[in-house]
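Everything below belongs to upload.tsv, which stores TSV, C-alpha atoms.
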```tsv
chain	number	residue	atom	x	y	z
W	1	MET	CA	11.18	10.85	-29.10
W	2	LEU	CA	13.73	13.16	-30.65
W	3	ALA	CA	15.94	12.68	-27.62
W	4	MET	CA	15.79	8.92	-28.08
W	5	LEU	CA	17.40	9.43	-31.50
W	6	ALA	CA	20.21	11.55	-30.12
W	7	LYS	CA	22.54	8.64	-29.43
W	8	GLU	CA	22.25	7.10	-32.89
W	9	PRO	CA	19.80	6.73	-35.78
W	10	ALA	CA	17.24	3.98	-35.39
W	11	HIS	CA	14.48	2.03	-37.08
W	12	GLY	CA	10.95	2.74	-35.88
W	13	TYR	CA	10.74	-0.52	-33.97
W	14	GLU	CA	14.08	0.17	-32.22
W	15	LEU	CA	12.83	3.56	-31.20
W	16	ARG	CA	9.70	2.02	-29.74
W	17	GLY	CA	11.90	-0.41	-27.79
W	18	ARG	CA	13.98	2.46	-26.41
W	19	MET	CA	10.87	4.34	-25.28
W	20	ARG	CA	9.41	1.28	-23.60
W	21	ALA	CA	12.65	0.54	-21.78
W	22	ALA	CA	12.84	4.10	-20.49
W	23	LEU	CA	9.19	4.36	-19.44
W	24	GLY	CA	8.70	0.86	-18.08
W	25	PRO	CA	5.05	0.00	-17.43
W	26	LEU	CA	3.96	3.52	-18.42
W	27	GLY	CA	5.31	2.84	-21.91
W	28	GLU	CA	3.15	-0.25	-22.38
W	29	THR	CA	0.18	1.76	-23.59
W	30	MET	CA	2.16	3.31	-26.45
W	31	ASN	CA	1.39	1.65	-29.76
W	32	ALA	CA	3.38	1.40	-32.95
W	33	GLY	CA	0.90	3.60	-34.83
W	34	GLN	CA	1.56	6.58	-32.54
W	35	ILE	CA	5.30	6.22	-33.08
W	36	TYR	CA	5.01	6.22	-36.88
W	37	VAL	CA	2.56	9.14	-36.98
W	38	THR	CA	4.93	11.17	-34.80
W	39	LEU	CA	7.94	10.25	-36.95
W	40	THR	CA	6.14	11.45	-40.08
W	41	ARG	CA	5.37	14.78	-38.38
W	42	LEU	CA	8.93	15.22	-37.20
W	43	ALA	CA	10.23	14.56	-40.71
W	44	LYS	CA	7.81	17.17	-42.14
W	45	ALA	CA	9.03	19.67	-39.56
W	46	GLY	CA	12.58	19.06	-40.72
W	47	LEU	CA	13.74	17.71	-37.37
W	48	ILE	CA	14.58	14.22	-38.61
W	49	THR	CA	15.41	12.48	-41.86
W	50	SER	CA	13.80	9.15	-42.65
W	51	GLU	CA	15.84	7.29	-45.21
W	52	ARG	CA	14.88	3.97	-46.64
W	53	ALA	CA	17.56	1.51	-45.62
W	54	ASP	CA	18.85	-1.28	-47.79
W	55	GLY	CA	16.43	-3.50	-46.03
W	56	LEU	CA	15.95	-7.09	-45.38
W	57	PRO	CA	13.93	-8.78	-48.09
W	58	ASP	CA	11.11	-9.64	-45.69
W	59	ARG	CA	10.72	-6.05	-44.40
W	60	PRO	CA	11.42	-3.89	-47.48
W	61	ASP	CA	9.85	-0.74	-46.07
W	62	ARG	CA	12.23	-0.20	-43.19
W	63	ARG	CA	13.34	3.33	-42.67
W	64	VAL	CA	16.18	4.61	-40.56
W	65	HIS	CA	15.40	7.80	-38.70
W	66	ALA	CA	18.13	10.27	-37.79
W	67	LEU	CA	18.26	13.74	-36.27
W	68	THR	CA	18.92	16.72	-38.54
W	69	PRO	CA	21.00	19.62	-37.14
W	70	ALA	CA	17.70	21.39	-36.34
W	71	GLY	CA	16.58	18.27	-34.50
W	72	GLN	CA	19.83	18.18	-32.51
W	73	GLU	CA	19.28	21.78	-31.52
W	74	ARG	CA	15.73	21.09	-30.41
W	75	VAL	CA	16.91	18.22	-28.18
W	76	THR	CA	19.55	20.42	-26.57
W	77	SER	CA	17.14	23.23	-25.80
W	78	TRP	CA	14.55	20.73	-24.47
W	79	LEU	CA	17.09	19.30	-22.04
W	80	THR	CA	17.97	22.66	-20.55
W	81	GLU	CA	14.46	24.08	-20.46
W	82	VAL	CA	12.96	24.10	-16.95
W	83	SER	CA	9.39	22.93	-17.05
W	84	TRP	CA	7.45	21.02	-14.47
W	85	PRO	CA	4.03	19.45	-14.82
W	86	LYS	CA	1.45	21.42	-12.87
W	87	PRO	CA	-0.91	19.36	-10.79
W	88	ASP	CA	-4.26	21.05	-11.16
W	89	LEU	CA	-5.66	21.37	-7.70
W	90	THR	CA	-7.62	24.53	-8.44
W	91	GLU	CA	-10.58	22.75	-9.96
W	92	PHE	CA	-11.04	20.35	-7.07
W	93	HIS	CA	-10.55	23.17	-4.58
W	94	LEU	CA	-13.30	25.18	-6.29
W	95	LYS	CA	-15.60	22.16	-6.19
W	96	LEU	CA	-15.20	22.01	-2.42
W	97	VAL	CA	-15.78	25.72	-1.98
W	98	ALA	CA	-18.85	25.67	-4.24
W	99	ALA	CA	-20.25	22.54	-2.61
W	100	ALA	CA	-19.93	24.10	0.84
W	101	THR	CA	-21.08	27.65	0.14
W	102	ALA	CA	-24.04	26.75	-2.08
W	103	ARG	CA	-24.78	23.65	0.04
W	104	LEU	CA	-24.80	21.57	-3.11
W	105	ALA	CA	-22.99	18.63	-1.60
W	106	ASP	CA	-21.03	17.64	1.47
W	107	PRO	CA	-17.42	18.68	0.75
W	108	VAL	CA	-16.14	15.92	3.04
W	109	ALA	CA	-17.97	13.36	0.92
W	110	LEU	CA	-16.28	14.81	-2.17
W	111	VAL	CA	-12.92	14.47	-0.42
W	112	ASP	CA	-13.71	10.83	0.37
W	113	ALA	CA	-14.58	10.09	-3.25
W	114	GLN	CA	-11.43	11.80	-4.47
W	115	ARG	CA	-9.34	9.90	-1.94
W	116	ARG	CA	-10.75	6.58	-3.17
W	117	GLU	CA	-9.64	7.43	-6.68
W	118	VAL	CA	-6.16	8.61	-5.66
W	119	MET	CA	-5.70	5.55	-3.41
W	120	ARG	CA	-6.63	3.29	-6.31
W	121	ARG	CA	-3.96	4.94	-8.44
W	122	LEU	CA	-1.43	4.82	-5.62
W	123	ARG	CA	-2.13	1.15	-5.16
W	124	ASP	CA	-1.58	0.37	-8.85
W	125	ALA	CA	1.56	2.50	-9.07
W	126	GLN	CA	2.98	1.06	-5.87
W	127	ARG	CA	2.36	-2.53	-6.91
W	128	THR	CA	4.30	-1.89	-10.08
W	129	ALA	CA	7.04	-0.09	-8.14
W	130	LEU	CA	7.36	-2.99	-5.67
W	131	ASP	CA	7.74	-5.56	-8.43
W	132	ARG	CA	11.22	-6.95	-7.97
W	133	SER	CA	11.59	-7.73	-11.67
W	134	MET	CA	11.26	-4.09	-12.65
W	135	ASP	CA	14.16	-2.32	-14.28
W	136	PRO	CA	15.55	0.17	-11.70
W	137	VAL	CA	15.66	3.10	-14.13
W	138	ALA	CA	12.03	2.63	-15.17
W	139	GLY	CA	11.30	2.05	-11.46
W	140	LEU	CA	12.51	5.55	-10.72
W	141	LEU	CA	9.64	6.95	-12.77
W	142	MET	CA	7.13	4.85	-10.81
W	143	GLU	CA	8.69	6.15	-7.60
W	144	GLY	CA	8.00	9.69	-8.78
W	145	VAL	CA	4.39	8.79	-9.56
W	146	VAL	CA	4.01	7.26	-6.08
W	147	LEU	CA	5.48	10.34	-4.37
W	148	ARG	CA	3.14	12.71	-6.21
W	149	LEU	CA	0.08	10.65	-5.34
W	150	ARG	CA	1.15	10.63	-1.70
W	151	ALA	CA	1.43	14.41	-1.79
W	152	ASP	CA	-2.11	14.57	-3.21
W	153	LEU	CA	-3.35	12.35	-0.38
W	154	GLU	CA	-1.72	14.60	2.21
W	155	TRP	CA	-3.41	17.60	0.68
W	156	LEU	CA	-6.75	15.75	0.74
W	157	GLU	CA	-6.19	15.14	4.45
W	158	ALA	CA	-5.76	18.88	4.94
W	159	CYS	CA	-8.98	19.44	2.93
W	160	GLU	CA	-10.76	16.92	5.12
W	161	ARG	CA	-9.61	18.68	8.30
W	162	MET	CA	-10.72	22.06	7.01
W	163	TRP	CA	-14.16	21.02	5.81
W	164	THR	CA	-14.89	18.77	8.79
W	165	THR	CA	-14.21	21.68	11.15
W	166	ARG	CA	-16.27	24.10	9.08
W	167	LYS	CA	-19.16	21.67	9.03
W	168	ALA	CA	-18.96	21.11	12.77
W	169	GLY	CA	-18.77	24.83	13.36
W	170	GLY	CA	-21.98	25.33	11.31
J	1	MET	CA	-21.47	-16.45	1.70
J	2	THR	CA	-17.91	-16.95	2.86
J	3	GLU	CA	-17.34	-17.17	6.58
J	4	SER	CA	-16.02	-13.95	8.09
J	5	VAL	CA	-12.78	-14.28	10.00
J	6	LEU	CA	-13.66	-11.14	11.94
J	7	ARG	CA	-17.11	-9.74	12.57
J	8	ALA	CA	-18.36	-6.89	14.72
J	9	ARG	CA	-21.87	-5.59	15.41
J	10	GLY	CA	-22.54	-2.31	17.18
J	11	LEU	CA	-19.00	-2.38	18.54
J	12	THR	CA	-18.51	0.52	20.94
J	13	ARG	CA	-15.79	1.65	23.28
J	14	ARG	CA	-16.23	4.71	25.45
J	15	TYR	CA	-13.75	6.41	27.74
J	16	GLY	CA	-14.71	8.64	30.65
J	17	ARG	CA	-18.16	9.68	31.82
J	18	GLY	CA	-20.67	12.48	31.51
J	19	SER	CA	-19.62	15.52	29.53
J	20	GLY	CA	-16.02	14.27	29.38
J	21	MET	CA	-17.06	11.04	27.70
J	22	VAL	CA	-15.29	10.11	24.48
J	23	ARG	CA	-16.69	7.56	22.04
J	24	ALA	CA	-13.44	6.12	20.71
J	25	VAL	CA	-15.35	3.51	18.73
J	26	ASP	CA	-18.99	4.23	18.09
J	27	GLU	CA	-21.33	1.40	17.01
J	28	VAL	CA	-19.14	-0.07	14.33
J	29	ASP	CA	-20.34	-2.92	12.11
J	30	LEU	CA	-17.63	-4.80	10.28
J	31	SER	CA	-17.11	-8.03	8.47
J	32	VAL	CA	-13.73	-9.23	7.22
J	33	PRO	CA	-13.87	-12.31	5.00
J	34	ALA	CA	-11.00	-14.80	4.86
J	35	GLY	CA	-8.18	-13.67	2.60
J	36	GLU	CA	-9.16	-10.01	2.66
J	37	SER	CA	-6.61	-7.28	3.28
J	38	LEU	CA	-8.16	-4.25	4.94
J	39	ALA	CA	-6.62	-0.89	5.75
J	40	ILE	CA	-8.26	1.39	8.29
J	41	MET	CA	-7.21	5.02	7.94
J	42	GLY	CA	-8.18	8.24	9.60
J	43	PRO	CA	-6.81	11.20	11.54
J	44	SER	CA	-5.14	10.55	14.89
J	45	GLY	CA	-7.67	10.13	17.63
J	46	CYS	CA	-10.35	8.79	15.27
J	47	GLY	CA	-10.44	5.51	17.18
J	48	LYS	CA	-8.68	3.25	14.71
J	49	SER	CA	-6.15	1.82	17.18
J	50	THR	CA	-8.86	1.19	19.76
J	51	LEU	CA	-10.88	-0.63	17.09
J	52	LEU	CA	-7.90	-2.85	16.29
J	53	HIS	CA	-7.47	-3.66	19.98
J	54	LEU	CA	-11.15	-4.59	20.25
J	55	LEU	CA	-10.91	-6.82	17.17
J	56	GLY	CA	-7.85	-8.60	18.53
J	57	GLY	CA	-9.27	-9.08	22.03
J	58	LEU	CA	-6.65	-6.79	23.60
J	59	GLN	CA	-9.39	-4.53	24.95
J	60	ARG	CA	-13.01	-5.19	25.80
J	61	PRO	CA	-15.86	-3.22	24.23
J	62	THR	CA	-18.23	-1.08	26.30
J	63	ALA	CA	-21.07	-2.37	24.12
J	64	GLY	CA	-21.60	-4.47	21.03
J	65	ARG	CA	-20.35	-7.86	19.95
J	66	VAL	CA	-17.22	-9.11	18.20
J	67	TRP	CA	-16.44	-12.54	16.75
J	68	LEU	CA	-13.18	-14.14	15.64
J	69	ALA	CA	-13.74	-17.20	13.45
J	70	GLY	CA	-17.29	-17.42	14.79
J	71	ARG	CA	-16.30	-17.25	18.49
J	72	ARG	CA	-17.49	-14.31	20.55
J	73	LEU	CA	-14.65	-12.36	22.12
J	74	ASP	CA	-16.61	-9.83	24.17
J	75	THR	CA	-18.08	-12.45	26.49
J	76	MET	CA	-15.04	-14.73	26.66
J	77	SER	CA	-13.10	-15.26	29.88
J	78	GLU	CA	-9.72	-13.55	30.16
J	79	ARG	CA	-8.04	-16.94	30.06
J	80	SER	CA	-9.77	-18.16	26.88
J	81	LEU	CA	-9.18	-14.80	25.28
J	82	ALA	CA	-5.43	-15.02	25.97
J	83	ARG	CA	-5.36	-18.51	24.48
J	84	LEU	CA	-7.27	-17.42	21.38
J	85	ARG	CA	-4.91	-14.48	20.81
J	86	ARG	CA	-1.89	-16.74	21.18
J	87	ASP	CA	-3.24	-19.40	18.84
J	88	SER	CA	-5.10	-17.44	16.19
J	89	VAL	CA	-3.99	-13.81	15.96
J	90	GLY	CA	-0.71	-12.29	14.80
J	91	PHE	CA	0.02	-8.82	16.13
J	92	VAL	CA	2.44	-6.30	14.64
J	93	PHE	CA	2.97	-3.05	16.55
J	94	GLN	CA	4.55	0.27	15.70
J	95	SER	CA	7.35	-0.19	18.23
J	96	PHE	CA	8.04	-3.87	17.42
J	97	HIS	CA	7.71	-5.19	21.03
J	98	LEU	CA	10.48	-7.76	20.67
J	99	MET	CA	12.09	-9.36	23.73
J	100	ASP	CA	15.46	-7.61	24.01
J	101	GLU	CA	17.21	-10.54	25.74
J	102	LEU	CA	16.26	-13.03	23.03
J	103	THR	CA	17.81	-13.37	19.58
J	104	ALA	CA	15.73	-12.87	16.44
J	105	VAL	CA	15.12	-16.59	16.01
J	106	GLU	CA	14.32	-17.07	19.71
J	107	ASN	CA	11.71	-14.30	19.56
J	108	VAL	CA	9.89	-16.10	16.76
J	109	GLU	CA	10.43	-19.51	18.32
J	110	LEU	CA	8.99	-18.47	21.67
J	111	ALA	CA	5.75	-17.36	20.03
J	112	ALA	CA	5.50	-20.69	18.19
J	113	LEU	CA	6.12	-22.58	21.47
J	114	LEU	CA	3.45	-20.57	23.26
J	115	ALA	CA	1.03	-21.38	20.46
J	116	GLY	CA	1.57	-25.07	21.21
J	117	ARG	CA	4.30	-26.22	18.81
J	118	SER	CA	6.82	-28.80	19.98
J	119	PRO	CA	10.33	-27.39	20.53
J	120	ARG	CA	11.49	-29.02	17.30
J	121	GLN	CA	8.56	-27.73	15.24
J	122	ALA	CA	8.95	-24.29	16.79
J	123	ARG	CA	12.62	-24.09	15.91
J	124	ARG	CA	11.97	-25.24	12.37
J	125	ARG	CA	9.11	-22.81	11.86
J	126	ALA	CA	11.14	-19.91	13.28
J	127	GLY	CA	14.01	-20.68	10.90
J	128	TYR	CA	11.65	-20.94	7.97
J	129	LEU	CA	9.89	-17.66	8.76
J	130	LEU	CA	13.09	-15.70	9.27
J	131	ASP	CA	14.21	-16.97	5.92
J	132	ARG	CA	10.92	-15.82	4.40
J	133	VAL	CA	11.39	-12.30	5.75
J	134	GLY	CA	14.96	-12.27	4.41
J	135	LEU	CA	16.74	-12.44	7.76
J	136	ALA	CA	18.16	-15.98	7.82
J	137	ASP	CA	21.65	-14.53	8.25
J	138	ARG	CA	20.55	-12.38	11.22
J	139	ALA	CA	18.82	-15.17	13.13
J	140	ASP	CA	21.26	-15.14	16.04
J	141	HIS	CA	21.40	-11.36	16.44
J	142	LEU	CA	19.81	-9.61	19.38
J	143	PRO	CA	17.22	-6.98	18.46
J	144	SER	CA	19.66	-4.26	19.56
J	145	ALA	CA	22.00	-5.35	16.76
J	146	LEU	CA	19.27	-5.02	14.12
J	147	SER	CA	17.98	-1.97	12.23
J	148	GLY	CA	14.40	-0.77	12.70
J	149	GLY	CA	13.27	-2.38	9.47
J	150	GLN	CA	14.92	-5.67	10.42
J	151	ARG	CA	13.29	-5.62	13.86
J	152	GLN	CA	9.90	-5.09	12.29
J	153	ARG	CA	10.54	-7.98	9.90
J	154	VAL	CA	11.32	-10.19	12.92
J	155	ALA	CA	8.06	-8.96	14.45
J	156	VAL	CA	6.18	-9.95	11.28
J	157	ALA	CA	7.83	-13.39	11.36
J	158	ARG	CA	6.77	-13.70	14.99
J	159	ALA	CA	3.21	-12.67	14.11
J	160	LEU	CA	3.12	-15.52	11.59
J	161	SER	CA	4.61	-18.13	13.93
J	162	ASN	CA	1.19	-19.46	14.99
J	163	GLU	CA	-0.24	-19.54	11.44
J	164	PRO	CA	-2.72	-16.86	12.49
J	165	LEU	CA	-6.26	-16.60	11.15
J	166	VAL	CA	-5.65	-12.89	10.93
J	167	VAL	CA	-2.68	-10.51	11.20
J	168	LEU	CA	-3.54	-7.25	12.98
J	169	ALA	CA	-1.02	-4.46	12.46
J	170	ASP	CA	-1.02	-1.09	14.20
J	171	GLU	CA	1.05	1.51	12.31
J	172	PRO	CA	3.65	-1.11	11.24
J	173	THR	CA	5.70	1.53	9.39
J	174	GLY	CA	5.21	4.29	11.96
J	175	ASN	CA	8.76	4.15	13.32
J	176	LEU	CA	10.58	3.37	10.07
J	177	ASP	CA	12.50	5.41	7.53
J	178	SER	CA	11.54	5.13	3.88
J	179	ALA	CA	14.01	2.34	2.99
J	180	ALA	CA	12.79	0.22	5.90
J	181	THR	CA	9.19	1.04	5.01
J	182	LEU	CA	9.83	-0.39	1.57
J	183	GLU	CA	10.96	-3.71	3.11
J	184	ILE	CA	7.74	-3.87	5.14
J	185	LEU	CA	5.62	-2.92	2.12
J	186	ARG	CA	7.13	-5.82	0.16
J	187	LEU	CA	6.47	-8.17	3.04
J	188	PHE	CA	2.83	-7.13	3.42
J	189	GLU	CA	2.35	-7.28	-0.34
J	190	ASP	CA	3.61	-10.89	-0.21
J	191	LEU	CA	1.22	-11.66	2.65
J	192	ARG	CA	-1.66	-10.19	0.70
J	193	THR	CA	-0.94	-12.12	-2.48
J	194	GLU	CA	-0.62	-15.30	-0.47
J	195	GLY	CA	-4.11	-14.87	0.94
J	196	GLN	CA	-3.26	-13.95	4.55
J	197	THR	CA	-6.20	-12.14	6.14
J	198	LEU	CA	-4.86	-8.74	7.18
J	199	VAL	CA	-6.12	-5.70	9.04
J	200	VAL	CA	-3.75	-2.73	9.07
J	201	VAL	CA	-4.45	0.44	10.96
J	202	THR	CA	-2.34	3.31	9.68
J	203	HIS	CA	-2.07	6.86	8.49
J	204	ASP	CA	0.73	5.91	6.09
J	205	SER	CA	-0.89	5.87	2.64
J	206	ARG	CA	1.82	3.53	1.33
J	207	ILE	CA	0.99	0.65	3.63
J	208	ALA	CA	-2.74	1.34	3.21
J	209	ALA	CA	-2.34	1.12	-0.56
J	210	ILE	CA	-1.31	-2.54	-0.16
J	211	ALA	CA	-4.83	-3.44	0.93
J	212	ASP	CA	-7.77	-4.53	-1.21
J	213	ARG	CA	-10.22	-2.57	0.90
J	214	MET	CA	-9.94	0.74	2.69
J	215	ILE	CA	-12.05	2.15	5.48
J	216	THR	CA	-11.82	5.79	6.54
J	217	MET	CA	-12.72	6.45	10.17
J	218	ARG	CA	-13.89	9.72	11.68
J	219	ASP	CA	-14.96	10.26	15.29
J	220	GLY	CA	-15.09	6.56	16.05
J	221	ALA	CA	-17.29	5.63	13.10
J	222	PHE	CA	-16.77	4.52	9.50
J	223	ALA	CA	-17.00	7.47	7.13
J	224	ASP	CA	-16.08	5.59	3.99
J	225	ASP	CA	-15.63	1.96	3.01
J	226	SER	CA	-14.32	1.10	-0.42
J	227	ARG	CA	-12.88	-1.82	-2.26
J	228	LEU	CA	-9.81	-0.68	-4.17
J	229	ALA	CA	-9.74	-3.82	-6.25
J	230	VAL	CA	-11.17	-7.26	-6.30
J	231	THR	CA	-8.34	-9.70	-6.41
J	232	ALA	CA	-8.61	-13.38	-5.79
J	233	PRO	CA	-6.19	-14.41	-3.07
J	234	VAL	CA	-3.66	-17.06	-3.89
J	235	HIS	CA	-3.21	-19.49	-1.04
J	236	GLY	CA	-0.06	-21.16	0.13
J	237	GLY	CA	3.48	-20.13	0.73
J	238	TRP	CA	3.43	-19.02	4.35
J	239	ARG	CA	1.81	-22.09	5.76
```

If you took the structure in this file and wrote it as C-alpha cells, what would it be?
Amino acid sequence: MLAMLAKEPAHGYELRGRMRAALGPLGETMNAGQIYVTLTRLAKAGLITSERADGLPDRPDRRVHALTPAGQERVTSWLTEVSWPKPDLTEFHLKLVAAATARLADPVALVDAQRREVMRRLRDAQRTALDRSMDPVAGLLMEGVVLRLRADLEWLEACERMWTTRKAGG
Amino acid sequence: MTESVLRARGLTRRYGRGSGMVRAVDEVDLSVPAGESLAIMGPSGCGKSTLLHLLGGLQRPTAGRVWLAGRRLDTMSERSLARLRRDSVGFVFQSFHLMDELTAVENVELAALLAGRSPRQARRRAGYLLDRVGLADRADHLPSALSGGQRQRVAVARALSNEPLVVLADEPTGNLDSAATLEILRLFEDLRTEGQTLVVVTHDSRIAAIADRMITMRDGAFADDSRLAVTAPVHGGWR
C-alpha cells in the first residue's frame, strides 16, 4: 500500500482504486475497512501523514495520505529486497509418507484429492486469465497464479508415479 | 434424468494374448450428459486415447457396450458406424489431420459436404465457422501456410462442420507452443460456455481445466471422477 502512494498522495478511496486496478480479480476481495485500518497503522508508525483536506461539503472527513521520508525509504528497500513466496510442499509430502508407512491411508488417494483441489483452483484462475476484457497488467498476475498451479500439478504427477510404484511393489 | 450423449458399460479393449496381454481399457462405465465438458487425464499408456477411440467408434471394444445418442456402436456395421461418425461426431487430433492439398475453407467445407450439406450450405457454414475461430482472413491459405495454432483452429472448425452431438479431442494442444495453446484454450472455453458436449483426452492441465468434470485414469480404469464445478450450459452460438 505504501508503494501505491509513492507516485502521489491520495484519498483512501483512490488508493483502493489503485490497488484494485493493479491486482485485478484478486483485489476484489479487499474491502474499504481493511484499507482504512492499514492506513491508521501506517500513520502511527510514522510512515505516512494523513491530513484532513479542505473537503467537499458532502464528504467532510476526507483525508489525503502521503508518504513521509521514512515511508519513502521503506518503499525503496521493499523494492530491492529479494523475497519469494515459499510454496509449502513439506506438509503434503509428510502426509504421503505417513499415510504410506503407517498404512493410515492410500497415498495415491490423497494425491487424487489434492489434485481435485488444485485443478479447481487452476480452472478458476484460468477462466479469469482467459477473459478477454481483463486488463493485461492485472492479467499478468493471473498468469503467474496459473503457472504456479501447473507446477503443483506436475509435482503431484511425480507423487502419483512414486506412490503407485511403491504400492505395486508391495 | 437427462439423456446421455455418450454411454459406456463394461467397456473393455485388450491388446495381445496370454501373459503379454494388456488391458488398455478395463471395464469402464461412463455417462456423458448433453452439454457436459469432460476431461480425461492420466499418465501416458493409461488407456485414455484408446477410450476416446472406442467412444467415437474409431475402434471396436473387445467387450462391453457403448452408445452414442442411444445407438449402440459396438454392434453397428462398419458402414453405419462411418456414417454416424461423419454426421454426429467432431474429432480433433493432436496432429491436426488436415488435407494438405485443400485450403482452410475447403477442409471445413468438405467435412460439411460429407455430412450431407448442399454445396451452398457447406460453403456458407465453412465461412461462418472459420470466422468463429478467428481465421476468416486465412480461409484461402493452404495448411502449410498456417501456424500450428491456426491449423488446429481449422481442425476445430472442421470438427464443428456437421453440428456434432459431441466433440472428441485427443491431446488438442499436444503439438502447440504456449501462445497457440492459449488460442485453443479460448476456443474450447467458448465451446464449453455455448453448451457443446465435449470430451478431451489430455495430459495438459490447462486444457483439462476448461472442463466441468475431470476423470483420472490409471491402468485402463477410472481412478477418480470429479465435478470441478456445476455450470449450466448456455446454448446457441455455434449452431

Please identify all residues of chain W having at least one atom at most 8 Å from any atom of chain J, considering all atoms listed in the file, and return them as a PDB file with C-alpha atoms, in the frame of the given file.
```pdb
ATOM      1  CA  ASP W 112     -13.710  10.830   0.370  1.00  0.00           C
ATOM      2  CA  ARG W 116     -10.750   6.580  -3.170  1.00  0.00           C
ATOM      3  CA  MET W 119      -5.700   5.550  -3.410  1.00  0.00           C
ATOM      4  CA  ARG W 120      -6.630   3.290  -6.310  1.00  0.00           C
ATOM      5  CA  LEU W 122      -1.430   4.820  -5.620  1.00  0.00           C
ATOM      6  CA  ARG W 123      -2.130   1.150  -5.160  1.00  0.00           C
ATOM      7  CA  GLN W 126       2.980   1.060  -5.870  1.00  0.00           C
ATOM      8  CA  ARG W 127       2.360  -2.530  -6.910  1.00  0.00           C
ATOM      9  CA  LEU W 130       7.360  -2.990  -5.670  1.00  0.00           C
ATOM     10  CA  ARG W 150       1.150  10.630  -1.700  1.00  0.00           C
ATOM     11  CA  LEU W 153      -3.350  12.350  -0.380  1.00  0.00           C
TER      12      LEU W 153
END
```

Could you check how far atom CA of J:Leu187 sits from atom CA of J:Val154, in Å to one decimal?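 Computed distance, atom CA of J:Leu187 to atom CA of J:Val154, equals 11.2 Å.
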
Atom pair atom CA of W:Leu149 / atom CA of W:Arg161: separation (Å):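 Those two atoms sit 18.6 Å apart.
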
Determine, counting all atoms listed in the file, every residue of protein, DNA or RNA that lies within 12 Å of (-7.8, -14.8, 7.4) in the file coordinates, then give the result as a ChimeraX atom specification. /J:2-7,31-38,68-69,88-90,160,163-168,191-192,194-199,233,235

May I have the centre and edge lengths, in Å to one decimal, of an axis-aligned box around the listed atoms of stretch 24-33 of chain J with 4 Å added to every side, as AutoDock Vina command-line options?
```
--center_x -17.4 --center_y -3.1 --center_z 12.9 --size_x 15.9 --size_y 26.4 --size_z 23.7
```

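Using only C-alpha atoms, the contacts of J:Val105 at a cut-off of 8 Å, with sequence neighbours closer than 5 positions omitted, comprise Arg123, Ala126, Gly127, Leu130, Ala139 and Asp140 of chain J.
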
Residues within 9 Å of W:Val137, please, as a PyMOL selection string. Count all atoms listed in the file; anything in the same chain fewer than 6 positions from it doesn't count. chain W and resi 21-24

Just to be explicit: take each residue in the selection above, keep C-alpha atoms, and write the result as a PDB file, in the coordinates of the input.
```
ATOM      1  CA  ALA W  21      12.650   0.540 -21.780  1.00  0.00           C
ATOM      2  CA  ALA W  22      12.840   4.100 -20.490  1.00  0.00           C
ATOM      3  CA  LEU W  23       9.190   4.360 -19.440  1.00  0.00           C
ATOM      4  CA  GLY W  24       8.700   0.860 -18.080  1.00  0.00           C
TER       5      GLY W  24
END
```

For stretch 92-96 of chain J, work out the shell of residues within 12 Å, counting all atoms listed in the file and skipping chain neighbours fewer than 2 positions away, then give it as a ChimeraX atom specification. /J:49,52-53,56,89-90,98-100,104,107,143-144,146-160,164,166-176,181,184,188,198-204

Option closest in space to W:Val108, from W:Val82, W:Cys159, W:Ala125, W:Ala45 [counting all atoms listed in the file]: W:Cys159

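Note that atom CA of J:Ala63 and atom CA of J:Ala8 are 10.8 Å apart.
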
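Closest approach to W:Lys7 among W:Met19, W:Ala158, W:Ala66, W:Val146 is made by W:Ala66 (distances from all atoms listed in the file).
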
Name all residues at most 12 Å from W:Ala99 (count all atoms listed in the file; drop same-chain ones fewer than 4 positions away) and give them as a list in words.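 In the requested format, the answer is Phe92, His93, Leu94, Lys95, Arg103, Leu104, Ala105, Asp106, Pro107, Val108, Ala109, Leu110, Val111, Trp163 and Lys167 of chain W.
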
Contact residues around W:His11 with all atoms listed in the file at 7 Å, ignoring same-chain residues under 4 positions, as a list in words: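 Here the answer would be Leu15, Arg62, Arg63, Val64 and His65 of chain W.
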
With distances taken over all atoms listed in the file, which residue among W:Glu73, W:Glu14, W:Glu28, W:Asp152 lies nearest W:Gln114? W:Asp152

Within 8 Å of (-12.5, 8.7, 18.9) in the file's own coordinates, which protein, DNA or RNA residues have an atom, counting all atoms listed in the file? List them as a list in words.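 Here the neighbourhood of the point contains Val22, Arg23, Ala24, Val25, Asp26, Gly45, Cys46, Gly47, Lys48, Arg218, Asp219 and Gly220 of chain J.
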